[in-house]
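Undergrad: Just so it is clear, I am handing over my_file_12.cif, which has mmCIF, C-alpha atoms and all ligand atoms.
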data_input
#
loop_
_atom_site.label_atom_id
_atom_site.label_comp_id
_atom_site.auth_asym_id
_atom_site.auth_seq_id
_atom_site.Cartn_x
_atom_site.Cartn_y
_atom_site.Cartn_z
CA MET A 118 0.00 0.00 0.00
CA PRO A 119 1.36 3.46 -0.83
CA ASP A 120 2.43 5.80 1.96
CA LEU A 121 -0.25 8.53 2.16
CA SER A 122 1.13 10.32 5.21
CA ILE A 123 2.11 13.99 5.17
CA ASN A 124 3.75 16.08 7.87
CA ILE A 125 3.11 19.80 7.67
CA ALA A 126 4.93 21.95 10.20
CA GLY A 127 5.01 19.06 12.65
CA ILE A 128 1.33 18.18 12.19
CA GLU A 129 1.17 14.46 11.42
CA MET A 130 -1.53 13.77 8.84
CA LYS A 131 -2.30 10.19 7.85
CA ASN A 132 -3.27 11.43 4.38
CA PRO A 133 -3.18 14.77 2.52
CA LEU A 134 -6.95 15.37 2.51
CA THR A 135 -8.70 18.03 4.54
CA VAL A 136 -11.69 20.40 4.33
CA GLY A 137 -11.94 24.13 3.64
CA SER A 138 -12.82 26.09 6.75
CA GLY A 139 -16.55 26.84 6.92
CA THR A 140 -17.65 24.14 4.52
CA TYR A 141 -17.73 21.02 6.67
CA GLY A 142 -19.70 20.58 9.91
CA HIS A 143 -20.04 22.96 12.84
CA HIS A 144 -19.83 23.00 16.62
CA GLY A 145 -18.25 19.62 17.03
CA ASN A 146 -20.66 17.83 14.64
CA PHE A 147 -18.33 16.34 12.08
CA ASN A 148 -19.43 12.72 11.70
CA GLN A 149 -22.74 13.05 9.84
CA PHE A 150 -21.49 11.47 6.63
CA PHE A 151 -18.22 9.69 7.39
CA PRO A 152 -15.88 9.37 10.35
CA VAL A 153 -14.01 12.63 10.70
CA GLU A 154 -10.72 10.75 11.11
CA THR A 155 -10.98 9.71 7.44
CA MET A 156 -9.28 13.01 6.65
CA GLY A 157 -5.69 13.87 7.52
CA VAL A 158 -6.53 17.05 9.40
CA LEU A 159 -9.75 18.92 10.18
CA VAL A 160 -10.07 22.68 9.68
CA PRO A 161 -13.32 23.83 11.35
CA LYS A 162 -15.24 27.04 10.67
CA THR A 163 -13.40 30.30 11.44
CA VAL A 164 -14.08 31.66 14.92
CA ARG A 165 -14.00 35.26 16.11
CA PRO A 166 -13.17 36.49 19.60
CA ILE A 167 -16.68 38.00 19.80
CA GLU A 168 -20.24 36.88 19.07
CA TRP A 169 -21.29 37.95 15.58
CA PRO A 170 -24.55 37.33 13.72
CA GLY A 171 -23.00 37.14 10.25
CA ASN A 172 -24.27 38.84 7.11
CA PRO A 173 -27.94 39.44 6.24
CA PRO A 174 -29.76 36.91 3.99
CA ARG A 175 -29.59 35.77 1.23
CA ARG A 176 -26.26 34.30 2.06
CA VAL A 177 -25.88 31.50 -0.46
CA ILE A 178 -26.93 31.26 -4.11
CA GLU A 179 -26.21 28.35 -6.43
CA VAL A 180 -24.80 29.55 -9.74
CA PRO A 181 -24.02 27.41 -12.81
CA SER A 182 -20.31 27.37 -12.02
CA GLY A 183 -20.45 26.86 -8.25
CA LEU A 184 -21.63 28.80 -5.23
CA HIS A 185 -22.05 32.54 -4.74
CA SER A 186 -22.03 33.30 -1.03
CA SER A 187 -21.47 35.85 1.68
CA VAL A 188 -22.05 34.25 5.05
CA GLY A 189 -19.98 36.78 7.00
CA ILE A 190 -18.55 34.28 9.51
CA PRO A 191 -21.32 34.19 12.11
CA SER A 192 -19.76 33.29 15.44
CA ILE A 193 -20.99 32.13 18.82
CA SER A 194 -19.55 33.90 21.86
CA TRP A 195 -16.01 32.99 22.87
CA GLU A 196 -17.34 31.65 26.17
CA GLN A 197 -19.64 29.26 24.29
CA PHE A 198 -16.84 28.23 21.95
CA GLU A 199 -14.60 27.53 24.91
CA ALA A 200 -17.26 25.62 26.87
CA VAL A 201 -18.95 23.64 24.08
CA ASP A 202 -16.95 23.51 20.85
CA ALA A 203 -13.39 23.34 22.15
CA PRO A 204 -13.87 20.20 24.33
CA ARG A 205 -15.53 18.41 21.41
CA LEU A 206 -12.76 19.42 19.04
CA ARG A 207 -10.11 18.40 21.57
CA ASP A 208 -11.58 14.88 21.76
CA LEU A 209 -11.73 14.24 18.01
CA PRO A 210 -9.48 11.42 16.77
CA VAL A 211 -7.95 13.70 14.13
CA PRO A 212 -5.58 16.67 14.30
CA VAL A 213 -7.42 20.01 14.24
CA ILE A 214 -6.21 23.29 12.79
CA GLN A 215 -8.60 25.92 14.12
CA SER A 216 -9.27 28.87 11.84
CA VAL A 217 -9.46 32.29 13.51
CA ILE A 218 -10.18 35.87 12.46
CA GLY A 219 -10.20 39.36 13.99
CA ARG A 220 -11.11 42.85 12.79
CA THR A 221 -7.84 44.40 13.90
CA GLU A 222 -4.28 43.24 14.52
CA VAL A 223 -5.02 43.34 18.25
CA GLU A 224 -8.13 41.19 17.85
CA TYR A 225 -6.19 38.64 15.78
CA ALA A 226 -3.51 38.49 18.47
CA GLU A 227 -6.17 38.07 21.14
CA VAL A 228 -7.98 35.22 19.38
CA VAL A 229 -4.69 33.45 18.62
CA ALA A 230 -3.64 33.64 22.28
CA ARG A 231 -7.03 32.44 23.51
CA ALA A 232 -7.29 29.60 20.99
CA SER A 233 -3.75 28.51 21.76
CA ALA A 234 -4.47 28.42 25.50
CA LEU A 235 -7.33 25.93 25.00
CA ASN A 236 -4.85 23.10 24.34
CA ALA A 237 -7.31 21.67 21.85
CA PHE A 238 -5.60 22.30 18.53
CA GLN A 239 -2.53 21.10 16.67
CA GLY A 240 -2.34 24.32 14.66
CA LEU A 241 -4.08 27.62 13.97
CA GLU A 242 -5.13 29.07 10.63
CA LEU A 243 -5.23 32.85 10.28
CA ASN A 244 -8.08 33.76 7.97
CA LEU A 245 -6.61 36.91 6.39
CA SER A 246 -9.76 37.69 4.39
CA CYS A 247 -10.99 40.33 6.79
CA PRO A 248 -11.17 44.05 5.98
CA ASN A 249 -8.45 45.97 7.82
CA LEU A 250 -10.51 48.85 9.23
CA LYS A 251 -7.41 51.01 9.72
CA GLN A 252 -6.54 50.74 6.02
CA GLY A 253 -9.91 51.77 4.59
CA GLY A 254 -11.24 48.23 4.54
CA LEU A 255 -8.64 46.55 2.33
CA ASP A 256 -8.35 42.91 3.43
CA PHE A 257 -5.25 42.04 5.50
CA GLY A 258 -4.59 39.35 2.94
CA TYR A 259 -4.22 41.88 0.10
CA ASP A 260 -1.66 44.04 1.86
CA PRO A 261 1.89 42.71 2.46
CA ASP A 262 2.70 45.21 5.22
CA ALA A 263 -0.51 44.57 7.15
CA ALA A 264 -0.17 40.80 6.68
CA TYR A 265 3.46 40.91 7.87
CA LYS A 266 2.61 42.83 11.03
CA LEU A 267 -0.38 40.67 11.77
CA VAL A 268 1.47 37.36 11.40
CA LYS A 269 4.47 38.66 13.36
CA ARG A 270 2.16 39.68 16.20
CA ALA A 271 0.28 36.37 16.07
CA ARG A 272 3.61 34.51 16.08
CA GLN A 273 4.42 36.07 19.45
CA GLU A 274 1.17 34.73 20.91
CA THR A 275 1.56 31.04 20.16
CA ASP A 276 4.00 28.19 19.67
CA LEU A 277 1.45 26.28 17.58
CA PRO A 278 2.08 25.96 13.85
CA LEU A 279 0.51 28.97 12.10
CA VAL A 280 -1.12 28.60 8.70
CA ALA A 281 -1.94 31.85 6.88
CA LYS A 282 -4.97 31.60 4.59
CA LEU A 283 -4.42 34.03 1.77
CA ALA A 284 -6.84 36.06 -0.25
CA PRO A 285 -7.09 35.06 -3.93
CA ASP A 286 -5.58 38.17 -5.46
CA TYR A 287 -3.12 37.83 -8.34
CA SER A 288 -1.46 41.21 -7.92
CA SER A 289 -0.50 40.90 -4.24
CA LEU A 290 -0.27 37.11 -3.94
CA VAL A 291 3.52 36.70 -4.07
CA SER A 292 4.37 39.78 -1.99
CA VAL A 293 1.84 38.83 0.71
CA ALA A 294 3.06 35.22 0.80
CA GLN A 295 6.69 36.33 1.11
CA ALA A 296 5.70 38.78 3.84
CA ILE A 297 3.94 36.14 5.90
CA GLU A 298 6.84 33.71 5.45
CA ALA A 299 9.27 36.39 6.68
CA ALA A 300 6.94 37.07 9.63
CA GLY A 301 7.14 33.47 10.83
CA ALA A 302 4.14 31.60 9.37
CA ASP A 303 4.66 27.84 9.05
CA ALA A 304 2.38 27.17 6.06
CA VAL A 305 -0.02 28.88 3.69
CA ALA A 306 -3.55 27.93 2.65
CA LEU A 307 -5.07 29.12 -0.60
CA VAL A 308 -7.37 30.01 -2.12
CA ASN A 309 -10.12 31.61 -0.17
CA ALA A 310 -13.12 32.32 -2.40
CA PRO A 311 -12.62 35.34 -4.71
CA ARG A 312 -15.02 38.30 -4.67
CA ALA A 313 -18.05 38.01 -6.93
CA MET A 314 -21.49 39.48 -7.54
CA CYS A 315 -24.82 38.46 -9.09
CA ILE A 316 -27.48 41.08 -9.93
CA ASP A 317 -31.22 40.41 -9.97
CA ILE A 318 -32.56 41.84 -13.24
CA GLU A 319 -36.01 42.48 -11.74
CA THR A 320 -34.81 44.61 -8.80
CA LEU A 321 -31.52 45.62 -10.47
CA LYS A 322 -29.86 45.03 -7.10
CA PRO A 323 -27.23 42.53 -5.96
CA MET A 324 -28.82 39.18 -5.15
CA ILE A 325 -26.78 38.47 -2.05
CA GLY A 326 -27.70 40.26 1.20
CA ASN A 327 -24.24 41.71 1.65
CA GLY A 328 -24.14 42.96 -1.94
CA VAL A 329 -20.63 41.68 -2.54
CA GLY A 330 -20.08 37.97 -2.11
CA ALA A 331 -17.63 35.30 -3.16
CA LEU A 332 -17.45 32.58 -5.80
CA SER A 333 -16.38 29.06 -4.91
CA GLY A 334 -16.59 25.66 -6.53
CA PRO A 335 -15.53 24.26 -9.93
CA ALA A 336 -15.26 27.65 -11.68
CA ILE A 337 -12.29 28.75 -9.59
CA LYS A 338 -10.23 25.55 -9.78
CA PRO A 339 -7.85 26.49 -12.64
CA MET A 340 -7.23 29.87 -11.01
CA ALA A 341 -6.51 28.21 -7.67
CA VAL A 342 -4.18 25.63 -9.22
CA TYR A 343 -2.26 28.46 -10.89
CA MET A 344 -1.93 30.33 -7.59
CA VAL A 345 -0.65 27.23 -5.80
CA TRP A 346 1.80 26.68 -8.67
CA THR A 347 2.97 30.29 -8.39
CA LEU A 348 3.51 30.15 -4.64
CA TYR A 349 5.39 26.86 -4.89
CA ARG A 350 7.94 28.80 -6.93
CA SER A 351 7.93 31.93 -4.74
CA ILE A 352 8.15 30.76 -1.12
CA SER A 353 9.47 27.76 0.79
CA LEU A 354 6.41 27.06 2.98
CA PRO A 355 4.17 24.01 2.65
CA ILE A 356 0.87 24.73 0.92
CA PHE A 357 -2.69 23.69 1.69
CA GLY A 358 -4.35 23.92 -1.75
CA MET A 359 -8.05 24.37 -2.38
CA GLY A 360 -10.60 25.87 -4.75
CA GLY A 361 -13.11 23.73 -6.63
CA VAL A 362 -11.67 20.39 -5.54
CA ALA A 363 -14.22 17.63 -6.18
CA ASN A 364 -12.40 14.30 -6.68
CA TYR A 365 -9.06 12.46 -6.62
CA LYS A 366 -8.01 13.90 -9.99
CA ASP A 367 -8.28 17.40 -8.54
CA VAL A 368 -6.22 16.29 -5.54
CA ILE A 369 -3.46 15.03 -7.85
CA GLU A 370 -3.58 18.25 -9.88
CA PHE A 371 -3.23 20.47 -6.79
CA MET A 372 -0.41 18.32 -5.41
CA ALA A 373 1.44 18.39 -8.73
CA ALA A 374 1.12 22.19 -8.70
CA GLY A 375 2.76 22.23 -5.26
CA ALA A 376 0.16 21.55 -2.55
CA ALA A 377 1.23 19.27 0.29
CA ALA A 378 -2.39 18.89 1.40
CA VAL A 379 -5.66 19.48 -0.44
CA ALA A 380 -9.01 20.70 0.91
CA PHE A 381 -12.55 19.85 -0.14
CA GLY A 382 -14.85 22.88 0.15
CA THR A 383 -18.03 23.71 -1.75
CA VAL A 384 -18.29 20.17 -3.14
CA SER A 385 -19.32 18.93 0.32
CA TYR A 386 -22.64 20.79 -0.04
CA VAL A 387 -23.61 18.73 -3.09
CA ASP A 388 -21.59 15.57 -2.53
CA PRO A 389 -20.67 15.12 1.13
CA MET A 390 -18.97 11.79 0.40
CA ALA A 391 -16.57 13.34 -2.12
CA LEU A 392 -13.63 13.31 0.30
CA PRO A 393 -13.76 9.65 1.41
CA ARG A 394 -14.34 8.56 -2.18
CA ALA A 395 -11.37 10.61 -3.36
CA LEU A 396 -9.19 8.98 -0.72
CA VAL A 397 -10.00 5.47 -1.99
CA ASP A 398 -9.59 6.57 -5.62
CA LEU A 399 -6.28 8.30 -4.88
CA GLU A 400 -4.88 5.18 -3.27
CA THR A 401 -6.05 3.03 -6.22
CA TRP A 402 -4.46 5.46 -8.69
CA LEU A 403 -1.15 5.45 -6.82
CA VAL A 404 -1.13 1.64 -6.83
CA GLU A 405 -1.93 1.54 -10.56
CA LYS A 406 0.89 3.99 -11.29
CA GLY A 407 3.33 2.15 -9.04
CA ILE A 408 3.86 5.26 -6.87
CA ASP A 409 4.72 4.20 -3.33
CA ASP A 410 4.68 7.61 -1.61
CA VAL A 411 2.08 10.34 -2.18
CA LYS A 412 4.71 12.96 -1.22
CA SER A 413 6.41 12.38 -4.56
CA LEU A 414 3.46 14.15 -6.23
CA ILE A 415 4.13 17.45 -4.45
CA GLY A 416 5.36 19.95 -7.02
CA ALA A 417 5.76 17.27 -9.72
CA ALA A 418 4.50 19.70 -12.39
CA HIS A 419 7.61 21.87 -11.85
CA GLY A 420 9.95 19.13 -13.02
CA SER A 421 12.53 17.12 -11.09
CA ASP A 422 15.28 19.76 -11.47
CA PHE A 423 13.26 22.55 -9.88
CA GLN A 424 14.44 23.78 -6.46
CA ARG A 425 12.08 25.76 -4.23
CA PRO A 426 13.41 29.09 -2.88
CA ALA A 427 15.31 29.17 0.41
CA PRO A 428 13.29 30.20 3.50
CA LEU A 429 12.76 33.96 3.79
CA LYS A 430 13.85 35.44 7.11
CA GLU A 431 13.37 39.11 6.25
CA MET A 432 10.67 41.16 4.62
CA LYS A 433 11.64 41.94 1.00
CA HIS A 434 10.86 45.62 1.50
CA ALA A 435 10.56 47.96 4.48
CA VAL A 436 7.38 47.88 6.52
C1 LIG A 501 -20.40 28.83 2.55
C2 LIG A 501 -18.94 29.02 2.70
C3 LIG A 501 -18.42 29.37 3.93
C4 LIG A 501 -17.03 29.57 4.09
N1 LIG A 501 -16.55 29.92 5.31
C5 LIG A 501 -15.21 30.10 5.48
C6 LIG A 501 -14.67 30.41 6.75
O1 LIG A 501 -15.37 30.51 7.75
N2 LIG A 501 -13.32 30.60 6.84
C7 LIG A 501 -12.48 30.47 5.76
O2 LIG A 501 -11.26 30.65 5.89
N3 LIG A 501 -12.97 30.14 4.53
C8 LIG A 501 -14.31 29.95 4.38
N4 LIG A 501 -14.80 29.60 3.15
C9 LIG A 501 -13.86 29.43 2.02
C10 LIG A 501 -13.51 27.95 1.82
O3 LIG A 501 -12.87 27.39 2.95
C11 LIG A 501 -12.59 27.76 0.59
O4 LIG A 501 -11.36 28.44 0.83
C12 LIG A 501 -13.18 28.33 -0.70
O5 LIG A 501 -14.57 28.13 -0.74
C13 LIG A 501 -12.54 27.71 -1.95
O6 LIG A 501 -12.70 26.30 -1.98
P1 LIG A 501 -13.95 25.57 -2.72
O7 LIG A 501 -14.07 26.18 -4.09
O8 LIG A 501 -13.60 24.13 -2.74
O9 LIG A 501 -15.16 25.85 -1.89
C14 LIG A 501 -16.17 29.39 2.98
C15 LIG A 501 -16.71 29.03 1.74
C16 LIG A 501 -18.07 28.83 1.59
C17 LIG A 501 -18.60 28.43 0.24
#
Here is the file; what I need is its structure written in the form of structure tokens.

TA:
Amino acid sequence: MPDLSINIAGIEMKNPLTVGSGTYGHHGNFNQFFPVETMGVLVPKTVRPIEWPGNPPRRVIEVPSGLHSSVGIPSISWEQFEAVDAPRLRDLPVPVIQSVIGRTEVEYAEVVARASALNAFQGLELNLSCPNLKQGGLDFGYDPDAAYKLVKRARQETDLPLVAKLAPDYSSLVSVAQAIEAAGADAVALVNAPRAMCIDIETLKPMIGNGVGALSGPAIKPMAVYMVWTLYRSISLPIFGMGGVANYKDVIEFMAAGAAAVAFGTVSYVDPMALPRALVDLETWLVEKGIDDVKSLIGAAHGSDFQRPAPLKEMKHAV
């Protein structure tokens, strides 16, 4: 049987499959369709340090190419998270990387410190797709300086592996990824769902309650594969790849582009068994191809001579 195990920043995963934050189970309920330990690592819904109702309805619209959504990360209070969710997550027979978000650098630091102190998680994921209120609302994940400061601050609050989940923006992608590597992140996750809009031709208004939403699912896969491919060549960190993943072929594609682990997101809404099926199919494919270690797929599309860049210890430009 091929070796499916992956180690990312010290997190031992028995296989490279995971789920995109916010798309698979909530509040400790992760076994509805298959045992949660089928996956290599679980990434639950992003939590905030404060209670938050989320965005107004409609929040989710099916479009021909995937899902148009703006949920707004509704969050229970921290006290509830600590009392109810955290103990359940701590007891799961799978490593957990908890996703967190804040509205300011201080709030990010606070939620990282609090989540770290729960002793329930093997890693933390910083969801950088939050508007930085001090910078006129530009997401932290679009701004290398803001992302650098935020990750550096978060780094001081925890010894847990830190994964930075980047915004899907071509123009700032490389500079933000280099900034977060220099600031001490241990891995990157990409892509989060890119901004999108649908307009109702009867009302001539945006269809989603928040006006602006995101697009996820099959339509974004080639874009996401390209971004993973680009970052594999630009930074040294391990990559969690996602965006439209639906089956084992997509997993292989993302790994060949450079992902060390691959997340199932929107597909779980239409095909909740996609992940366990992909795991079986991946193993069968590896056996058929005579590949004895799944790790040999990582970055295969770059050719055997390609060397990833050395780790970045300094920001490439002044902050
Ligand atoms: C309904 C919905 C909720 C999401 N919630 C979160 C979230 O809380 N935190 C986060 O980092 N990403 C969130 N995402 C983004 C996904 O984790 C993933 O990065 C993105 O959807 C791309 O993957 P996909 O095309 O396979 O869905 C959400 C996506 C959807 C569709």

Undergrad: Which polymer residues have any atom within 8 Å of an atom of region 123-133 of chain A, counting all atoms listed in the file, with same-chain residues fewer than 4 positions away left out, as a PDB file with C-alpha atoms, in the coordinates of the input?

TA:
ATOM      1  CA  MET A 156      -9.280  13.010   6.650  1.00  0.00           C
ATOM      2  CA  GLY A 157      -5.690  13.870   7.520  1.00  0.00           C
ATOM      3  CA  VAL A 158      -6.530  17.050   9.400  1.00  0.00           C
ATOM      4  CA  PRO A 212      -5.580  16.670  14.300  1.00  0.00           C
ATOM      5  CA  GLN A 239      -2.530  21.100  16.670  1.00  0.00           C
ATOM      6  CA  GLY A 240      -2.340  24.320  14.660  1.00  0.00           C
ATOM      7  CA  PRO A 278       2.080  25.960  13.850  1.00  0.00           C
ATOM      8  CA  ASP A 303       4.660  27.840   9.050  1.00  0.00           C
ATOM      9  CA  ALA A 304       2.380  27.170   6.060  1.00  0.00           C
ATOM     10  CA  PRO A 355       4.170  24.010   2.650  1.00  0.00           C
ATOM     11  CA  ALA A 377       1.230  19.270   0.290  1.00  0.00           C
ATOM     12  CA  ALA A 378      -2.390  18.890   1.400  1.00  0.00           C
ATOM     13  CA  VAL A 379      -5.660  19.480  -0.440  1.00  0.00           C
ATOM     14  CA  LYS A 412       4.710  12.960  -1.220  1.00  0.00           C
TER      15      LYS A 412
END

Undergrad: Please report the interatomic distance between CA of Ala376 (chain A) and CA of Tyr265 (chain A) in Å with one decimal.

TA: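 Between CA of Ala376 (chain A) and CA of Tyr265 (chain A) the gap works out to 22.2 Å.
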
Undergrad: So that each row is one residue of chain A with an atom at most 6 Å from ligand LIG 501 (chain A), can you give its shortest atom pair and the distance in Å to one decimal, using only C-alpha atoms and all ligand atoms, rows by chain and rising number, as a tab-separated table?

TA:
residue	atom	partner	partner_atom	distance
A:Gly137	CA	A:LIG501	O3	3.5
A:Ser138	CA	A:LIG501	O3	4.0
A:Gly139	CA	A:LIG501	N1	3.5
A:Thr140	CA	A:LIG501	C3	5.3
A:Lys162	CA	A:LIG501	O1	4.5
A:Thr163	CA	A:LIG501	O1	4.2
A:Ser186	CA	A:LIG501	C1	6.0
A:Ile190	CA	A:LIG501	O1	5.2
A:Asn244	CA	A:LIG501	O2	4.9
A:Val308	CA	A:LIG501	O4	5.2
A:Asn309	CA	A:LIG501	O4	3.5
A:Ala310	CA	A:LIG501	C12	4.3
A:Ser333	CA	A:LIG501	O7	3.8
A:Gly334	CA	A:LIG501	O7	3.5
A:Met359	CA	A:LIG501	O6	5.1
A:Gly360	CA	A:LIG501	O6	3.5
A:Gly361	CA	A:LIG501	O7	3.7
A:Val362	CA	A:LIG501	O8	5.1
A:Phe381	CA	A:LIG501	O8	5.1
A:Gly382	CA	A:LIG501	O8	3.4
A:Thr383	CA	A:LIG501	O9	3.6

Undergrad: Between A:Ala427, A:Ile218, A:Ala373, A:Val153, which is the closest to Ser413 (chain A) once you count all atoms listed in the file?

TA: A:Ala373

Undergrad: Could you check which residues have any atom within 12 Å of (-5.4, 36.6, 22.1), counting all atoms listed in the file with coordinates taken straight from the file, and then list them as a list of chain:residue names?

TA: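 The residues near that point, listed by chain and number, are A:Arg165, A:Pro166, A:Ile167, A:Trp195, A:Val217, A:Ile218, A:Gly219, A:Thr221, A:Glu222, A:Val223, A:Glu224, A:Tyr225, A:Ala226, A:Glu227, A:Val228, A:Val229, A:Ala230, A:Arg231, A:Ala232, A:Ser233, A:Ala234, A:Leu235, A:Arg270, A:Ala271, A:Arg272, A:Gln273, A:Glu274, A:Thr275.
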
Undergrad: I'd like to know which of A:Gly142, A:Pro152, A:Gly183, A:Pro261 is closest to Ala313 (chain A), using only C-alpha atoms.

TA: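 Closest residue, counting only C-alpha atoms: A:Gly183.
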
Undergrad: Enter the distance from CA of Ser182 (chain A) to CA of Lys338 (chain A), in Å, rounded to one decimal.

TA: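 CA of Lys338 (chain A) lies 10.5 Å from CA of Ser182 (chain A).
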
Undergrad: Let me make sure I understand: among A:Val177, A:Ala294, A:Ile408, A:Ala300, which one has the smallest atom-to-atom distance to Leu332 (chain A) if we use only C-alpha atoms?

TA: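 Going through A:Val177, A:Ala294, A:Ile408, A:Ala300 one by one, the smallest distance to Leu332 (chain A) is for A:Val177.
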
Undergrad: So how far away is CA of Ala203 (chain A) from CA of Phe238 (chain A), in Å?

TA: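 Distance reported for this atom pair: 8.7 Å.
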
Undergrad: Identify which of the residues A:Leu414, A:Asp422, A:Ala331, A:Tyr365 lies closest to Leu184 (chain A), counting all atoms listed in the file when measuring atom-to-atom distances.

TA: A:Ala331

Undergrad: Excluding same-chain residues fewer than 2 positions from Ser187 (chain A), what lies within 9 Å of it counting only C-alpha atoms, as a list in words?

TA: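 What passes the distance filter is Gly171, Asn172, Pro173, Pro174, Arg175, Arg176, Val177, His185, Gly189, Ile190, Ile325, Gly326, Asn327, Gly328, Val329, Gly330 and Ala331 of chain A.
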
Undergrad: Export region 377-423 of chain A of the preceding structure, keeping C-alpha atoms, as a PDB file, in the first residue's frame.

TA:
ATOM      1  CA  ALA A 377       1.232  19.266   0.289  1.00  0.00           C
ATOM      2  CA  ALA A 378      -2.394  18.893   1.403  1.00  0.00           C
ATOM      3  CA  VAL A 379      -5.665  19.480  -0.439  1.00  0.00           C
ATOM      4  CA  ALA A 380      -9.006  20.700   0.907  1.00  0.00           C
ATOM      5  CA  PHE A 381     -12.552  19.853  -0.142  1.00  0.00           C
ATOM      6  CA  GLY A 382     -14.846  22.881   0.148  1.00  0.00           C
ATOM      7  CA  THR A 383     -18.032  23.706  -1.750  1.00  0.00           C
ATOM      8  CA  VAL A 384     -18.293  20.169  -3.141  1.00  0.00           C
ATOM      9  CA  SER A 385     -19.318  18.933   0.317  1.00  0.00           C
ATOM     10  CA  TYR A 386     -22.641  20.791  -0.043  1.00  0.00           C
ATOM     11  CA  VAL A 387     -23.610  18.726  -3.088  1.00  0.00           C
ATOM     12  CA  ASP A 388     -21.593  15.567  -2.532  1.00  0.00           C
ATOM     13  CA  PRO A 389     -20.672  15.124   1.133  1.00  0.00           C
ATOM     14  CA  MET A 390     -18.969  11.789   0.398  1.00  0.00           C
ATOM     15  CA  ALA A 391     -16.571  13.336  -2.120  1.00  0.00           C
ATOM     16  CA  LEU A 392     -13.629  13.312   0.302  1.00  0.00           C
ATOM     17  CA  PRO A 393     -13.758   9.648   1.410  1.00  0.00           C
ATOM     18  CA  ARG A 394     -14.345   8.556  -2.184  1.00  0.00           C
ATOM     19  CA  ALA A 395     -11.370  10.607  -3.365  1.00  0.00           C
ATOM     20  CA  LEU A 396      -9.187   8.983  -0.721  1.00  0.00           C
ATOM     21  CA  VAL A 397     -10.001   5.474  -1.989  1.00  0.00           C
ATOM     22  CA  ASP A 398      -9.590   6.574  -5.623  1.00  0.00           C
ATOM     23  CA  LEU A 399      -6.279   8.302  -4.879  1.00  0.00           C
ATOM     24  CA  GLU A 400      -4.877   5.179  -3.275  1.00  0.00           C
ATOM     25  CA  THR A 401      -6.053   3.029  -6.225  1.00  0.00           C
ATOM     26  CA  TRP A 402      -4.463   5.457  -8.690  1.00  0.00           C
ATOM     27  CA  LEU A 403      -1.154   5.446  -6.820  1.00  0.00           C
ATOM     28  CA  VAL A 404      -1.126   1.639  -6.825  1.00  0.00           C
ATOM     29  CA  GLU A 405      -1.931   1.545 -10.562  1.00  0.00           C
ATOM     30  CA  LYS A 406       0.889   3.989 -11.293  1.00  0.00           C
ATOM     31  CA  GLY A 407       3.333   2.148  -9.037  1.00  0.00           C
ATOM     32  CA  ILE A 408       3.865   5.261  -6.868  1.00  0.00           C
ATOM     33  CA  ASP A 409       4.719   4.197  -3.332  1.00  0.00           C
ATOM     34  CA  ASP A 410       4.678   7.610  -1.614  1.00  0.00           C
ATOM     35  CA  VAL A 411       2.082  10.335  -2.179  1.00  0.00           C
ATOM     36  CA  LYS A 412       4.706  12.962  -1.215  1.00  0.00           C
ATOM     37  CA  SER A 413       6.411  12.381  -4.557  1.00  0.00           C
ATOM     38  CA  LEU A 414       3.459  14.147  -6.228  1.00  0.00           C
ATOM     39  CA  ILE A 415       4.126  17.448  -4.446  1.00  0.00           C
ATOM     40  CA  GLY A 416       5.360  19.952  -7.023  1.00  0.00           C
ATOM     41  CA  ALA A 417       5.765  17.271  -9.721  1.00  0.00           C
ATOM     42  CA  ALA A 418       4.498  19.705 -12.389  1.00  0.00           C
ATOM     43  CA  HIS A 419       7.608  21.869 -11.850  1.00  0.00           C
ATOM     44  CA  GLY A 420       9.954  19.135 -13.024  1.00  0.00           C
ATOM     45  CA  SER A 421      12.531  17.121 -11.094  1.00  0.00           C
ATOM     46  CA  ASP A 422      15.278  19.760 -11.467  1.00  0.00           C
ATOM     47  CA  PHE A 423      13.259  22.545  -9.877  1.00  0.00           C
TER      48      PHE A 423
END
